[in-house]
Amino acid sequence: MIGENVAAADRTRLMDMIIAAQSRLGYLSDETLSAIASEVGIAYVDVVDTASFYAFFSRAPQGRCQIRFSKTPVSLVKGAADVVRAFEKALATPLGTTSPDGITLNWTSDIGMADQEPACLINGTVFANLEPADAAGIVDEVRTMIANDALPGFPGYGNAAAFSSAKAGCASNVVLAGEVLFAPMTPGSGLRAALAMTPEEVIDEVRRSGLRGRGGAGFPTGMKWGLTRRANGEARYIICNADEGEPGTFKDRVLLVEAPGLVFEGLTIAGYALGAKIGLIYLRAEYAYLFGDLQRVLGERRRLGLLGERTGGREGFDFDIRIQLGAGAYICGEESALIESLEGKRGAPRDRPPYPTDRGYLGQPTSVNNVETLACVPRIIERGANWFSKIGTAESKGTKLMCLSGDCAKPGVYEVPFGITLNELLDLAGGADAEAVQVSGAAGECVAPKDFGRSLCYEDLSTAGSTMVFGPERDVLEIVLQFAEFFADESCGWCVPCRIGTVLLKENLEKTRHGLASREDLARLERLAGTVRKMSRCGLGQTAPNPILSTLRNFPHIYESKLIGGDDVRIDLQAALRDARALRTVSALKQDGA
Amino acid sequence: MSKPKLATCSLAGCFGCHMSLLDIDERILELVELFDLDRSPLDDKKAFDSPVEVGFVEGGCANEHNVRVLHDFRKHCKVLIAVGACAINGGVPALRNPIGLRECLETTYAGGTPDADHFVPYDADLPLLLDRVYPAHEVVRIDYFLPGCPPSADAIWEGLKELLAGRTPGLPYQLLKYD
Amino acid sequence: MSAPALRFSVDGAPVEAKAGQTIIEACDDAGIYIPRLCYRADLPPGGQCRLCTCKVNGRYAAACVTPVTPAIAVENDTPELRAERNTIVEMLFVEGNHPCPFCEKSGNCDLQAMAYRFGLSATELTYQFPNRDIDATHPEIFLDRNTCILCGLCIRASRSADGKAVFGFENRGARTQLTVNSPDGLAGTDIATADRAAAVCPVGCIVVKGTGYETPYGERPYDRQPIGADIEAQRHPSAERKDADV
C-alpha cells in the first residue's frame with residue numbers, strides 16, 4: 001500500500017518531465033520517451049500514453065518557434081483567418097507546416113483571449129489584437145531572435161517583455177469591478193479571520209454563504225468541502241482548477257493577474273478547512289506566461305508567513321501551494337480528468353462513483369474548486385456569510401464574473417450580481433443589436449433574442465461566465481460548426497459516443513452547411529446529438545451537442561433553409577471527381593509529350 | 001392487374017448479389033409470377049421507360065457512371081433496396097478509401113515515380129473515378145438494406161417477399177449475416 | 001460470514017445483488033443480459049463502450065462501473081436504450097474498417113454479433129474509412145488496427161491477468177489508437193500467444209496467426225446462438241419476461 005503510493009507520487013511529476021524534454025529538445029522522440037520511462041520506473045507505453053495526449057507535446061520534430069492561433073467563433077469573427085493568411089505569406093509557409101528557419105504555424109483551441117482576438121501564442125508568449133499588418137514585423141523579430149538564440153522557449157514563464165512588438169502581452173480589461181472579487185484586499189486578512197475559527201466553522205460559514213462552484217456545475221462549495229473533510233483518507237488535497245478552457249471565458253486569467261493573492265488565500269483557507277497540507281493549482285498551458293508572476297506572488301506570501309511552516313502563524317498548519325502546468329487539453333477542466341493529469345496520466349475522466357471527495361488525487365479525499373470560487377472565499381470569511389448571501393438571487397449567491405466578447409463595444413470582464421438579465425448585460429457591454437448569444441461557452445446554450453430577458457443564475461440561464469455576442473451579420477451555422485470542431489478536437493477518445501459522435505456531428509453540420517443534407521440527415525443530426533448527450537461518459541460529451549440542440553430549438557430556420565429534396569444526389573459530384581480529373585490531365589499531358 | 005416491376009443494377013460490385021438472386025432455385029418461377037423484370041443486366045434492358053416499384057441495387061458508387069445510374073434508379077423506383085456489403089458500406093471496392101484515389105492510382109500505374117512511360121490510364125470512355133467509393137445511401141435515399149456478401153438466396157427471397165407484402169424487410173437471426 | 005443481499009429492480013423485475021457487485025455483475029448472475037463490448041467478468045471494468053448504459057433511478061449510468069445500491073430502479077431493455085445502443089454499435093462500424101466478408105473473426109466477433117442481436121441491417125451514419133496501421137512485426141501475433149474498437153480489454157488483460165503492460169492507448173479523440181510497449185512494435189514486447197491479452201480481443205484486431213477460419217460458416221459461435229444467450233440461459237424461468245424479443 002505504501003509502495004503503491006510512493007510509485008504514484010513519483011509518477012505525479014511525469015508532466016513536468018515531459019514538458020522539460022519537449023522544451024529542451026523541441027519534440028519527444030521514442031528514445032526520449034524510453035529514457036523518461038526508465039527514469040520514472042514505468043512502462044514505455046505509459047509514457048507514450050501521456051505524451052501523445054496533449055496538444056502542446058509533439059512526437060515529431062517541430063520548429064524552434066511554435067505560433068498557435070486561437071481558433072474560435074469569436075476569433076474568426078474578428079478576422080483571425082486574415083491574420084493567419086498574412087503570417088503564411090510572411091513566412092511563405094502554409095498553416096500546419098514549418099518554415100525552413102523553424103517556425104511552425106498552427107491553429108489551436110481557444111487560448112482565453114476572446115476579448116482581444118485575434119490572438120496567438122508564440123512559444124509561451126501571448127500576442128493580442130493582431131492585424132494582418134502585424135505579421136511581417138512579428139515574423140522578422142522572431143527570425144532575429146531565433147538567429148541570436150534569444151527566442152524564449154515554451155513554457156517561457158512570462159516573457160512578453162522579450163519582444164519589442166506592441167502586440168506582445170495582454171490586457172485585463174476589467175470593465176466593471178464589483179464588490180466581491182475586485183474590491184481592494186489586504187493579504188492575510190481573510191486567512192487571519194479563518195484561523196480564528198475552527199475548520200468546521202469555516203466550512204459552515206462557506207456553506208451558509210450559499211457559495212456554489214463558478215466553473216459551471218454549481219455544486220455547493222461548503223458541501224463539497226464537508227464531504228472531503230469527513231471522508232476517510234491518509235491525506236486530503238485541495239486543488240484549484242485553473243484549466244480555463246471553455247471557449248469565450250478568460251475571467252480566471254484576469255483573476256490570476258489582478259488578484260492572485262485572493263486566489264492563493266482562498267486556497268490556503270480551503271487547505272485549513274479540509275486539513276490539507278498541499279494545494280495544487282492546475283494551470284492550463286495556454287496561461288504558462290502567468291507562471292513566473294504567480295511564483296513571485298507565492299514567494300512573497302511565503303515571506304509574509306502566509307504559506308509554509310506555521311502558515312498564518314498557526315502551529316501545526318504547514319500549508320504550501322504548487323503550480324502544475326498542463327499541456328493543452330480542454331478535457332482537463334473536468335475535475336477527474338484534471339486529477340488524472342496531475343497524477344501524470346492522460347486526461348481521461350474517471351467513472352463515478354467514487355467521487356473525488358472520497359477518492360481523488362492519489363486516491364485520497366480531494367476537493368477541486370474553480371479559481372473564481374476560491375477567490376470568493378477570503379471575502380466570505382472576512383465579511384461574513386450574511387453579507388455575501390445578500391448579493392444575488394435565492395439560489396445563486398454573490399457576484400459572477402462575466403466574460404463579454406464578440407460583437408459588443410466593450411469586451412472584457414464584468415463583475416455583476418447573479419440574476420442580471422442577458423439584456424442588461426448586453427446593454428452594459430454595448431451589444432444591444434445581438435442576434436445570438438452563446439452563453440457559458442461551447443458547452444452552453446445559443447440564446448435567441450426572444451430569451452434575452454432571462455436571468456443569468458443557476459436557477460435560470462446557468463453560466464460559467466462566457467458570453468459570446470454575435471450580431472445580425474453572423475452565420476449561426478458557422479458558429480455551431482466551430483464548436484462542433486472544437487469538441488471533436490478535444491474529445492479524450494475514451495468512450496465511444498463522444499469519440500465518434502463528435503466527429504459525426506461535425507461532418508453532418510458540414511454537409512448541412514454545404515447544402516447537401518436532407519430532412520433525414522437533419523433528423524439524424526438531432527438523434528445523434530441525443531445519443532452523445534445521453535450515453536457519453538463525462539461532461540464533455542454530455543454537453544458537446546448543446547450548441548446543436550439549442551440552435552435546432554432556437555434557430556430552426558437556419559437549418560431548414562439549407563435542406564435538399566429527398567431524391568437529389570447527396571454528394572458534391574464535382575468535388576468528388578476533382579482528383580480523377582487532375583490525374584487525367586497529367587496523364588494526357590504525359591502522353592502528348594511522349 | 002399488372003404485376004409490380006423489379007429493376008436491378010450492379011454498380012461497384014461483383015455481380016455476386018445477382019448470382020445469389022438467381023440462386024433461389026425453383027422459387028425463380030414464383031418470382032416471375034410476383035414481378036415483371038424491368039431494367040436489369042439479367043434481361044439487358046438498359047433504360048427505364050416507366051416507373052418501377054422495386055429497385056435492387058448491388059454495389060456502391062466508385063465512379064461517375066455509378067452515380068448517374070443510381071440517381072436514375074432513385075428517380076424511377078418507388079422503393080430502393082441496397083443489397084449486399086458493397087451497396088451498404090462500399091465493400092471490397094472501398095478498400096481503396098483509406099489510401100485515397102491519387103496515391104492508389106499513382107502507386108498502381110506509375111510505380112510511385114511517374115514518368116512519360118508510366119501514367120494513369122485515361123480514355124474518354126472510361127468513367128471518371130470518384131475520390132472514394134460511396135455506399136449507396138450516401139449518394140441517394142435508400143429505403144431498405146439487405147446485408148451479406150452476398151446475402152443468401154434465402155435472405156434475398158425473404159426480403160423481396162416482405163417488400164411485396166408491403167412490410168419492412170427484417171431478416172430473422174439465422175439469415176442476418178454480414179459475410 | 002456473508003454480507004446481506006441488496007435488493008433492486010431491473011425493468012420492474014426484482015433482482016438480488018451481493019454486496020459490492022456492480023449492476024452488470026448482479027444482472028449476469030440473475031440471467032439478465034446487458035449488452036457490452038468492453039467488459040469481461042474476470043477483468044476490471046473500463047467503461048469505454050458505454051453499451052451497458054442503463055437508466056438508474058432515471059439517470060444514465062454504465063452498468064459495468066456502477067455499484068448496486070439498495071432499491072435502485074434500473075431500466076435496461078427499453079425502446080429508448082435499445083435505440084441508443086443501436087447507434088453506438090453503428091458508430092463503431094463506421095469508425096473503423098470492418099470487412100466482415102473476409103475477416104478472420106467473422107462469426108465469432110462480438111461487435112458483429114451485437115449488431116445481429118440488435119437486428120441491424122445497415123447503418124446510415126457516414127463511414128470514416130480511416131487509414132490505420134497494422135503491426136505484423138511479431139512472428140505469432142498480428143495487430144490489425146482497422147477493426148480495433150478501442151475497448152481497452154487487451155490493455156486491462158495484459159496488466160491484471162498477465163502481469164505485463166503490452167498494450168496502451170496513444171493520441172486522443174478520433175486519433176486515439178492502440179499502441180504497444182515498444183517503439184519496435186509488437187515484436188519488441190513480451191507478449192506470448194498464451195497471454196490473456198492475446199485472446200481477449202472482441203473483434204479481429206489481435207489475431208494469433210495460423211488459427212483463422214477454423215470453424216466453417218454456419219457453425220461459428222454466433223451462427224449458433226446470439227451473443228448474450230449464455231447469460232440469459234441462466235435466468236430462472238419464473239422471471240422470464242413475456243416480451244423478450246431475441
# chains A, B, ... in the order shown; residues from 1 in each chain; ligands from 1
$ select_by_dssp --residues "range 8-198 of chain C" --states "strand (DSSP E)" --output "CSV table (one decimal) with all heavy atoms, in the first residue's frame"
chain,number,residue,atom,x,y,z
C,8,PHE,N,-32.8,-4.9,-5.6
C,8,PHE,CA,-33.1,-3.8,-6.5
C,8,PHE,C,-33.9,-4.3,-7.7
C,8,PHE,O,-34.3,-5.5,-7.7
C,8,PHE,CB,-31.8,-3.1,-7.0
C,8,PHE,CG,-30.9,-3.9,-8.0
C,8,PHE,CD1,-30.8,-3.5,-9.3
C,8,PHE,CD2,-30.3,-5.1,-7.5
C,8,PHE,CE1,-30.0,-4.3,-10.2
C,8,PHE,CE2,-29.5,-5.8,-8.4
C,8,PHE,CZ,-29.3,-5.4,-9.7
C,9,SER,N,-34.3,-3.4,-8.6
C,9,SER,CA,-35.1,-3.9,-9.7
C,9,SER,C,-34.5,-3.6,-11.1
C,9,SER,O,-33.8,-2.6,-11.2
C,9,SER,CB,-36.5,-3.3,-9.6
C,9,SER,OG,-36.5,-2.0,-10.0
C,10,VAL,N,-34.7,-4.5,-12.0
C,10,VAL,CA,-34.3,-4.3,-13.4
C,10,VAL,C,-35.5,-4.4,-14.3
C,10,VAL,O,-36.2,-5.5,-14.3
C,10,VAL,CB,-33.2,-5.3,-13.8
C,10,VAL,CG1,-32.8,-5.0,-15.3
C,10,VAL,CG2,-32.0,-5.1,-12.9
C,13,ALA,N,-38.4,-6.1,-12.7
C,13,ALA,CA,-38.3,-7.4,-12.0
C,13,ALA,C,-37.3,-7.3,-10.8
C,13,ALA,O,-36.3,-6.6,-10.9
C,13,ALA,CB,-37.8,-8.4,-13.0
C,14,PRO,N,-37.7,-8.0,-9.7
C,14,PRO,CA,-36.8,-7.9,-8.6
C,14,PRO,C,-35.5,-8.7,-8.8
C,14,PRO,O,-35.5,-9.8,-9.4
C,14,PRO,CB,-37.6,-8.5,-7.5
C,14,PRO,CG,-38.6,-9.4,-8.2
C,14,PRO,CD,-38.9,-8.8,-9.5
C,15,VAL,N,-34.4,-8.1,-8.4
C,15,VAL,CA,-33.1,-8.8,-8.5
C,15,VAL,C,-32.3,-8.6,-7.2
C,15,VAL,O,-32.5,-7.6,-6.5
C,15,VAL,CB,-32.2,-8.1,-9.7
C,15,VAL,CG1,-30.9,-8.8,-9.8
C,15,VAL,CG2,-33.0,-8.2,-11.0
C,16,GLU,N,-31.5,-9.6,-6.9
C,16,GLU,CA,-30.7,-9.5,-5.7
C,16,GLU,C,-29.2,-9.4,-6.1
C,16,GLU,O,-28.8,-10.1,-7.1
C,16,GLU,CB,-30.9,-10.8,-4.8
C,16,GLU,CG,-32.2,-10.7,-4.0
C,16,GLU,CD,-32.2,-11.7,-2.9
C,16,GLU,OE1,-31.2,-12.4,-2.7
C,16,GLU,OE2,-33.2,-11.7,-2.1
C,17,ALA,N,-28.5,-8.6,-5.4
C,17,ALA,CA,-27.0,-8.5,-5.6
C,17,ALA,C,-26.3,-8.8,-4.3
C,17,ALA,O,-26.8,-8.5,-3.2
C,17,ALA,CB,-26.7,-7.1,-6.1
C,53,THR,N,-24.9,1.1,-20.8
C,53,THR,CA,-25.6,2.3,-20.2
C,53,THR,C,-27.0,1.9,-19.9
C,53,THR,O,-27.8,1.5,-20.8
C,53,THR,CB,-25.4,3.5,-21.0
C,53,THR,OG1,-24.1,3.9,-21.2
C,53,THR,CG2,-26.2,4.7,-20.4
C,54,CYS,N,-27.4,2.1,-18.7
C,54,CYS,CA,-28.8,1.8,-18.3
C,54,CYS,C,-29.3,3.2,-17.7
C,54,CYS,O,-28.5,4.1,-17.5
C,54,CYS,CB,-28.9,0.8,-17.2
C,54,CYS,SG,-28.4,-0.9,-17.8
C,55,LYS,N,-30.6,3.2,-17.4
C,55,LYS,CA,-31.1,4.3,-16.6
C,55,LYS,C,-31.2,3.8,-15.1
C,55,LYS,O,-31.9,2.8,-14.9
C,55,LYS,CB,-32.4,4.8,-17.1
C,55,LYS,CG,-32.3,6.0,-18.0
C,55,LYS,CD,-33.6,6.3,-18.6
C,55,LYS,CE,-33.7,7.8,-18.9
C,55,LYS,NZ,-35.0,8.1,-19.5
C,56,VAL,N,-30.5,4.5,-14.2
C,56,VAL,CA,-30.5,4.1,-12.8
C,56,VAL,C,-31.2,5.2,-12.1
C,56,VAL,O,-30.7,6.4,-12.0
C,56,VAL,CB,-29.1,3.9,-12.3
C,56,VAL,CG1,-29.1,3.5,-10.8
C,56,VAL,CG2,-28.4,2.8,-13.1
C,59,ARG,N,-31.3,8.2,-14.2
C,59,ARG,CA,-30.1,8.8,-14.7
C,59,ARG,C,-29.3,7.8,-15.5
C,59,ARG,O,-29.2,6.7,-15.1
C,59,ARG,CB,-29.2,9.4,-13.5
C,59,ARG,CG,-29.9,10.5,-12.8
C,59,ARG,CD,-29.1,11.1,-11.7
C,59,ARG,NE,-27.9,11.7,-12.3
C,59,ARG,CZ,-27.2,12.6,-11.7
C,59,ARG,NH1,-27.5,13.1,-10.6
C,59,ARG,NH2,-26.1,13.2,-12.3
C,60,TYR,N,-28.6,8.3,-16.5
C,60,TYR,CA,-27.8,7.3,-17.4
C,60,TYR,C,-26.6,7.0,-16.6
C,60,TYR,O,-25.9,7.8,-16.1
C,60,TYR,CB,-27.5,8.0,-18.7
C,60,TYR,CG,-28.7,8.4,-19.5
C,60,TYR,CD1,-29.3,9.6,-19.4
C,60,TYR,CD2,-29.4,7.4,-20.3
C,60,TYR,CE1,-30.4,10.0,-20.2
C,60,TYR,CE2,-30.5,7.7,-21.0
C,60,TYR,CZ,-31.0,9.0,-20.9
C,60,TYR,OH,-32.2,9.3,-21.6
C,61,ALA,N,-26.3,5.7,-16.6
C,61,ALA,CA,-25.1,5.2,-15.9
C,61,ALA,C,-24.6,3.9,-16.6
C,61,ALA,O,-25.5,3.0,-16.9
C,61,ALA,CB,-25.3,5.0,-14.4
C,62,ALA,N,-23.3,3.7,-16.7
C,62,ALA,CA,-22.8,2.4,-17.3
C,62,ALA,C,-22.9,1.3,-16.2
C,62,ALA,O,-22.3,1.5,-15.1
C,62,ALA,CB,-21.4,2.7,-17.8
C,73,ALA,N,-33.8,1.5,-9.1
C,73,ALA,CA,-34.6,1.1,-10.2
C,73,ALA,C,-33.8,1.2,-11.5
C,73,ALA,O,-33.5,2.3,-11.9
C,73,ALA,CB,-35.9,1.9,-10.3
C,74,VAL,N,-33.5,0.0,-12.0
C,74,VAL,CA,-32.6,0.0,-13.3
C,74,VAL,C,-33.5,-0.2,-14.5
C,74,VAL,O,-34.3,-1.1,-14.5
C,74,VAL,CB,-31.5,-1.0,-13.2
C,74,VAL,CG1,-30.7,-1.1,-14.5
C,74,VAL,CG2,-30.6,-0.8,-12.0
C,75,GLU,N,-33.4,0.6,-15.5
C,75,GLU,CA,-34.0,0.4,-16.8
C,75,GLU,C,-33.0,-0.2,-17.7
C,75,GLU,O,-31.9,0.5,-17.9
C,75,GLU,CB,-34.6,1.6,-17.4
C,75,GLU,CG,-35.8,2.2,-16.6
C,75,GLU,CD,-36.2,3.6,-17.1
C,75,GLU,OE1,-36.5,3.7,-18.3
C,75,GLU,OE2,-36.2,4.5,-16.2
C,134,ILE,N,-1.2,-1.5,-39.5
C,134,ILE,CA,-1.2,-2.8,-39.0
C,134,ILE,C,0.2,-3.1,-38.4
C,134,ILE,O,1.2,-2.4,-38.8
C,134,ILE,CB,-1.6,-3.9,-40.0
C,134,ILE,CG1,-0.6,-3.9,-41.2
C,134,ILE,CG2,-3.0,-3.6,-40.6
C,134,ILE,CD1,-0.7,-5.2,-41.9
C,135,ASP,N,0.3,-4.0,-37.5
C,135,ASP,CA,1.6,-4.4,-36.9
C,135,ASP,C,1.8,-5.8,-37.2
C,135,ASP,O,1.2,-6.7,-36.5
C,135,ASP,CB,1.6,-4.0,-35.4
C,135,ASP,CG,2.9,-4.3,-34.7
C,135,ASP,OD1,3.7,-5.1,-35.2
C,135,ASP,OD2,3.1,-3.8,-33.6
C,141,ILE,N,1.7,-13.3,-33.6
C,141,ILE,CA,0.5,-12.5,-33.4
C,141,ILE,C,0.6,-11.3,-34.2
C,141,ILE,O,1.6,-10.6,-34.4
C,141,ILE,CB,0.5,-12.1,-31.9
C,141,ILE,CG1,0.5,-13.3,-31.0
C,141,ILE,CG2,-0.8,-11.2,-31.6
C,141,ILE,CD1,0.8,-13.0,-29.5
C,142,PHE,N,-0.5,-10.9,-34.9
C,142,PHE,CA,-0.5,-9.6,-35.6
C,142,PHE,C,-1.7,-8.7,-35.1
C,142,PHE,O,-2.7,-9.2,-34.5
C,142,PHE,CB,-0.5,-9.8,-37.1
C,142,PHE,CG,-1.8,-10.2,-37.7
C,142,PHE,CD1,-2.7,-9.2,-38.1
C,142,PHE,CD2,-2.0,-11.5,-38.1
C,142,PHE,CE1,-3.9,-9.6,-38.7
C,142,PHE,CE2,-3.2,-11.9,-38.7
C,142,PHE,CZ,-4.2,-10.9,-39.0
C,143,LEU,N,-1.4,-7.4,-35.3
C,143,LEU,CA,-2.4,-6.4,-34.9
C,143,LEU,C,-3.0,-5.8,-36.2
C,143,LEU,O,-2.2,-5.2,-37.0
C,143,LEU,CB,-1.7,-5.3,-34.2
C,143,LEU,CG,-1.3,-5.5,-32.7
C,143,LEU,CD1,-0.9,-4.1,-32.2
C,143,LEU,CD2,-2.4,-6.0,-31.9
C,144,ASP,N,-4.3,-5.9,-36.4
C,144,ASP,CA,-4.9,-5.2,-37.5
C,144,ASP,C,-5.8,-4.1,-36.9
C,144,ASP,O,-6.9,-4.4,-36.5
C,144,ASP,CB,-5.7,-6.2,-38.3
C,144,ASP,CG,-6.4,-5.5,-39.5
C,144,ASP,OD1,-6.3,-4.2,-39.6
C,144,ASP,OD2,-7.0,-6.2,-40.3
C,167,PHE,N,0.0,-3.5,-23.9
C,167,PHE,CA,-0.8,-2.6,-24.7
C,167,PHE,C,-1.1,-1.3,-24.0
C,167,PHE,O,-1.1,-1.2,-22.8
C,167,PHE,CB,-2.1,-3.2,-25.1
C,167,PHE,CG,-1.9,-4.4,-26.0
C,167,PHE,CD1,-2.1,-5.7,-25.5
C,167,PHE,CD2,-1.6,-4.2,-27.4
C,167,PHE,CE1,-1.9,-6.8,-26.4
C,167,PHE,CE2,-1.4,-5.3,-28.2
C,167,PHE,CZ,-1.6,-6.6,-27.7
C,168,GLY,N,-1.4,-0.2,-24.8
C,168,GLY,CA,-1.8,1.1,-24.2
C,168,GLY,C,-2.4,1.9,-25.3
C,168,GLY,O,-2.5,1.5,-26.4
C,169,PHE,N,-2.9,3.0,-24.9
C,169,PHE,CA,-3.5,4.0,-25.9
C,169,PHE,C,-2.5,5.0,-26.3
C,169,PHE,O,-1.6,5.3,-25.5
C,169,PHE,CB,-4.7,4.7,-25.3
C,169,PHE,CG,-5.9,3.8,-25.1
C,169,PHE,CD1,-6.6,3.7,-23.9
C,169,PHE,CD2,-6.4,3.1,-26.2
C,169,PHE,CE1,-7.7,3.0,-23.7
C,169,PHE,CE2,-7.6,2.3,-26.0
C,169,PHE,CZ,-8.2,2.2,-24.8
C,170,GLU,N,-2.7,5.6,-27.4
C,170,GLU,CA,-1.9,6.6,-27.9
C,170,GLU,C,-2.8,7.7,-28.6
C,170,GLU,O,-3.8,7.4,-29.2
C,170,GLU,CB,-1.0,6.0,-29.0
C,170,GLU,CG,0.1,7.0,-29.6
C,170,GLU,CD,1.1,6.2,-30.4
C,170,GLU,OE1,0.8,5.1,-30.9
C,170,GLU,OE2,2.2,6.7,-30.7
C,177,GLN,N,-5.4,5.5,-30.8
C,177,GLN,CA,-5.1,4.2,-31.4
C,177,GLN,C,-4.5,3.3,-30.3
C,177,GLN,O,-3.9,3.8,-29.3
C,177,GLN,CB,-4.3,4.2,-32.6
C,177,GLN,CG,-2.9,4.8,-32.5
C,177,GLN,CD,-2.0,4.5,-33.7
C,177,GLN,OE1,-2.5,4.0,-34.7
C,177,GLN,NE2,-0.7,4.7,-33.5
C,178,LEU,N,-4.6,2.0,-30.6
C,178,LEU,CA,-3.9,1.0,-29.7
C,178,LEU,C,-2.5,1.1,-30.0
C,178,LEU,O,-2.1,1.1,-31.2
C,178,LEU,CB,-4.5,-0.4,-30.0
C,178,LEU,CG,-4.0,-1.5,-29.1
C,178,LEU,CD1,-4.5,-1.3,-27.7
C,178,LEU,CD2,-4.5,-2.8,-29.7
C,179,THR,N,-1.6,1.1,-29.0
C,179,THR,CA,-0.2,1.1,-29.2
C,179,THR,C,0.4,0.0,-28.3
C,179,THR,O,-0.3,-0.6,-27.5
C,179,THR,CB,0.4,2.4,-29.0
C,179,THR,OG1,1.7,2.5,-29.5
C,179,THR,CG2,0.5,2.8,-27.5
C,180,VAL,N,1.7,-0.3,-28.5
C,180,VAL,CA,2.3,-1.4,-27.8
C,180,VAL,C,3.6,-0.8,-27.0
C,180,VAL,O,4.1,0.2,-27.3
C,180,VAL,CB,2.7,-2.5,-28.7
C,180,VAL,CG1,1.5,-3.1,-29.4
C,180,VAL,CG2,3.7,-2.1,-29.8
$ residues_around --residues "Lys506 in chain A" --least-positions-apart "3" --cutoff "8 Å" --atoms "only C-alpha atoms" --output "list in words"
Leu481, Ala484, Glu485, Ala488, Thr502, Val503, Leu509 and Glu510 of chain A
$ interface_residues --of "chain C" --to "chain A" --cutoff "7 Å" --atoms "only C-alpha atoms" --output "VMD selection string"
chain C and resid 48 to 50 53 60 65 84 88 91 95 165 167 to 174 176 180 to 183
$ interface_residues --of "chain A" --to "chain B" --cutoff "6 Å" --atoms "only C-alpha atoms" --output "PDB file with N, CA, C and O atoms, in the first residue's frame"
ATOM      1  N   VAL A 569     -29.090  13.938 -55.575  1.00  0.00           N
ATOM      2  CA  VAL A 569     -27.788  13.360 -55.251  1.00  0.00           C
ATOM      3  C   VAL A 569     -27.218  14.103 -54.043  1.00  0.00           C
ATOM      4  O   VAL A 569     -27.275  15.327 -53.977  1.00  0.00           O
ATOM      5  N   ARG A 570     -26.709  13.313 -53.096  1.00  0.00           N
ATOM      6  CA  ARG A 570     -26.301  13.914 -51.820  1.00  0.00           C
ATOM      7  C   ARG A 570     -24.804  14.131 -51.699  1.00  0.00           C
ATOM      8  O   ARG A 570     -24.315  14.457 -50.626  1.00  0.00           O
ATOM      9  N   ILE A 571     -24.058  13.872 -52.755  1.00  0.00           N
ATOM     10  CA  ILE A 571     -22.628  14.182 -52.679  1.00  0.00           C
ATOM     11  C   ILE A 571     -22.339  15.318 -53.647  1.00  0.00           C
ATOM     12  O   ILE A 571     -23.080  15.544 -54.593  1.00  0.00           O
ATOM     13  N   ALA A 576     -16.063  15.461 -55.819  1.00  0.00           N
ATOM     14  CA  ALA A 576     -15.648  14.060 -55.737  1.00  0.00           C
ATOM     15  C   ALA A 576     -14.857  13.625 -56.970  1.00  0.00           C
ATOM     16  O   ALA A 576     -14.125  12.642 -56.926  1.00  0.00           O
ATOM     17  N   LEU A 577     -15.003  14.362 -58.059  1.00  0.00           N
ATOM     18  CA  LEU A 577     -14.304  13.989 -59.301  1.00  0.00           C
ATOM     19  C   LEU A 577     -13.019  14.789 -59.526  1.00  0.00           C
ATOM     20  O   LEU A 577     -12.302  14.574 -60.505  1.00  0.00           O
ATOM     21  N   ALA A 580      -9.702  12.801 -59.909  1.00  0.00           N
ATOM     22  CA  ALA A 580      -9.658  11.999 -61.138  1.00  0.00           C
ATOM     23  C   ALA A 580      -9.417  12.895 -62.348  1.00  0.00           C
ATOM     24  O   ALA A 580      -8.665  12.545 -63.263  1.00  0.00           O
ATOM     25  N   ARG A 584      -6.228  12.724 -64.867  1.00  0.00           N
ATOM     26  CA  ARG A 584      -6.443  12.532 -66.296  1.00  0.00           C
ATOM     27  C   ARG A 584      -5.657  13.580 -67.096  1.00  0.00           C
ATOM     28  O   ARG A 584      -5.024  13.283 -68.093  1.00  0.00           O
ATOM     29  N   SER A 587      -1.996  12.647 -67.090  1.00  0.00           N
ATOM     30  CA  SER A 587      -1.744  11.528 -67.994  1.00  0.00           C
ATOM     31  C   SER A 587      -1.759  11.988 -69.447  1.00  0.00           C
ATOM     32  O   SER A 587      -0.906  11.596 -70.242  1.00  0.00           O
ATOM     33  N   LYS A 590       1.330  13.880 -70.369  1.00  0.00           N
ATOM     34  CA  LYS A 590       2.482  12.988 -70.487  1.00  0.00           C
ATOM     35  C   LYS A 590       2.473  12.270 -71.822  1.00  0.00           C
ATOM     36  O   LYS A 590       3.481  12.145 -72.486  1.00  0.00           O
ATOM     37  N   ALA A 594       5.152  12.395 -74.833  1.00  0.00           N
ATOM     38  CA  ALA A 594       5.951  11.209 -75.142  1.00  0.00           C
ATOM     39  C   ALA A 594       6.086  10.977 -76.642  1.00  0.00           C
ATOM     40  O   ALA A 594       5.379  11.514 -77.440  1.00  0.00           O
TER      41      ALA A 594
END
$ select_by_dssp --residues "range 401-443 of chain A" --states "alpha helix (DSSP H)" --output "ChimeraX atom specification"
/A:422-429
$ write_last_selection --atoms "N, CA and C atoms" --output "PDB file, in the first residue's frame"
ATOM      1  N   LEU A 422     -29.771  38.863 -19.416  1.00  0.00           N
ATOM      2  CA  LEU A 422     -28.871  38.925 -20.557  1.00  0.00           C
ATOM      3  C   LEU A 422     -28.981  40.297 -21.229  1.00  0.00           C
ATOM      4  N   ASN A 423     -30.211  40.821 -21.307  1.00  0.00           N
ATOM      5  CA  ASN A 423     -30.411  42.154 -21.878  1.00  0.00           C
ATOM      6  C   ASN A 423     -29.617  43.225 -21.140  1.00  0.00           C
ATOM      7  N   GLU A 424     -29.679  43.176 -19.811  1.00  0.00           N
ATOM      8  CA  GLU A 424     -28.951  44.168 -19.007  1.00  0.00           C
ATOM      9  C   GLU A 424     -27.451  44.073 -19.260  1.00  0.00           C
ATOM     10  N   LEU A 425     -26.976  42.816 -19.331  1.00  0.00           N
ATOM     11  CA  LEU A 425     -25.550  42.610 -19.553  1.00  0.00           C
ATOM     12  C   LEU A 425     -25.142  43.128 -20.939  1.00  0.00           C
ATOM     13  N   LEU A 426     -25.998  42.865 -21.933  1.00  0.00           N
ATOM     14  CA  LEU A 426     -25.705  43.321 -23.298  1.00  0.00           C
ATOM     15  C   LEU A 426     -25.703  44.846 -23.360  1.00  0.00           C
ATOM     16  N   ASP A 427     -26.602  45.473 -22.608  1.00  0.00           N
ATOM     17  CA  ASP A 427     -26.625  46.935 -22.559  1.00  0.00           C
ATOM     18  C   ASP A 427     -25.326  47.484 -21.973  1.00  0.00           C
ATOM     19  N   LEU A 428     -24.860  46.862 -20.879  1.00  0.00           N
ATOM     20  CA  LEU A 428     -23.603  47.298 -20.257  1.00  0.00           C
ATOM     21  C   LEU A 428     -22.441  47.210 -21.238  1.00  0.00           C
ATOM     22  N   ALA A 429     -22.449  46.149 -22.032  1.00  0.00           N
ATOM     23  CA  ALA A 429     -21.291  45.871 -22.884  1.00  0.00           C
ATOM     24  C   ALA A 429     -21.421  46.493 -24.268  1.00  0.00           C
TER      25      ALA A 429
END
$ closest_residue --among "B:Leu126, B:Ala110, B:Cys104, B:Ile88" --to "chain C" --atoms "only C-alpha atoms"
B:Ile88
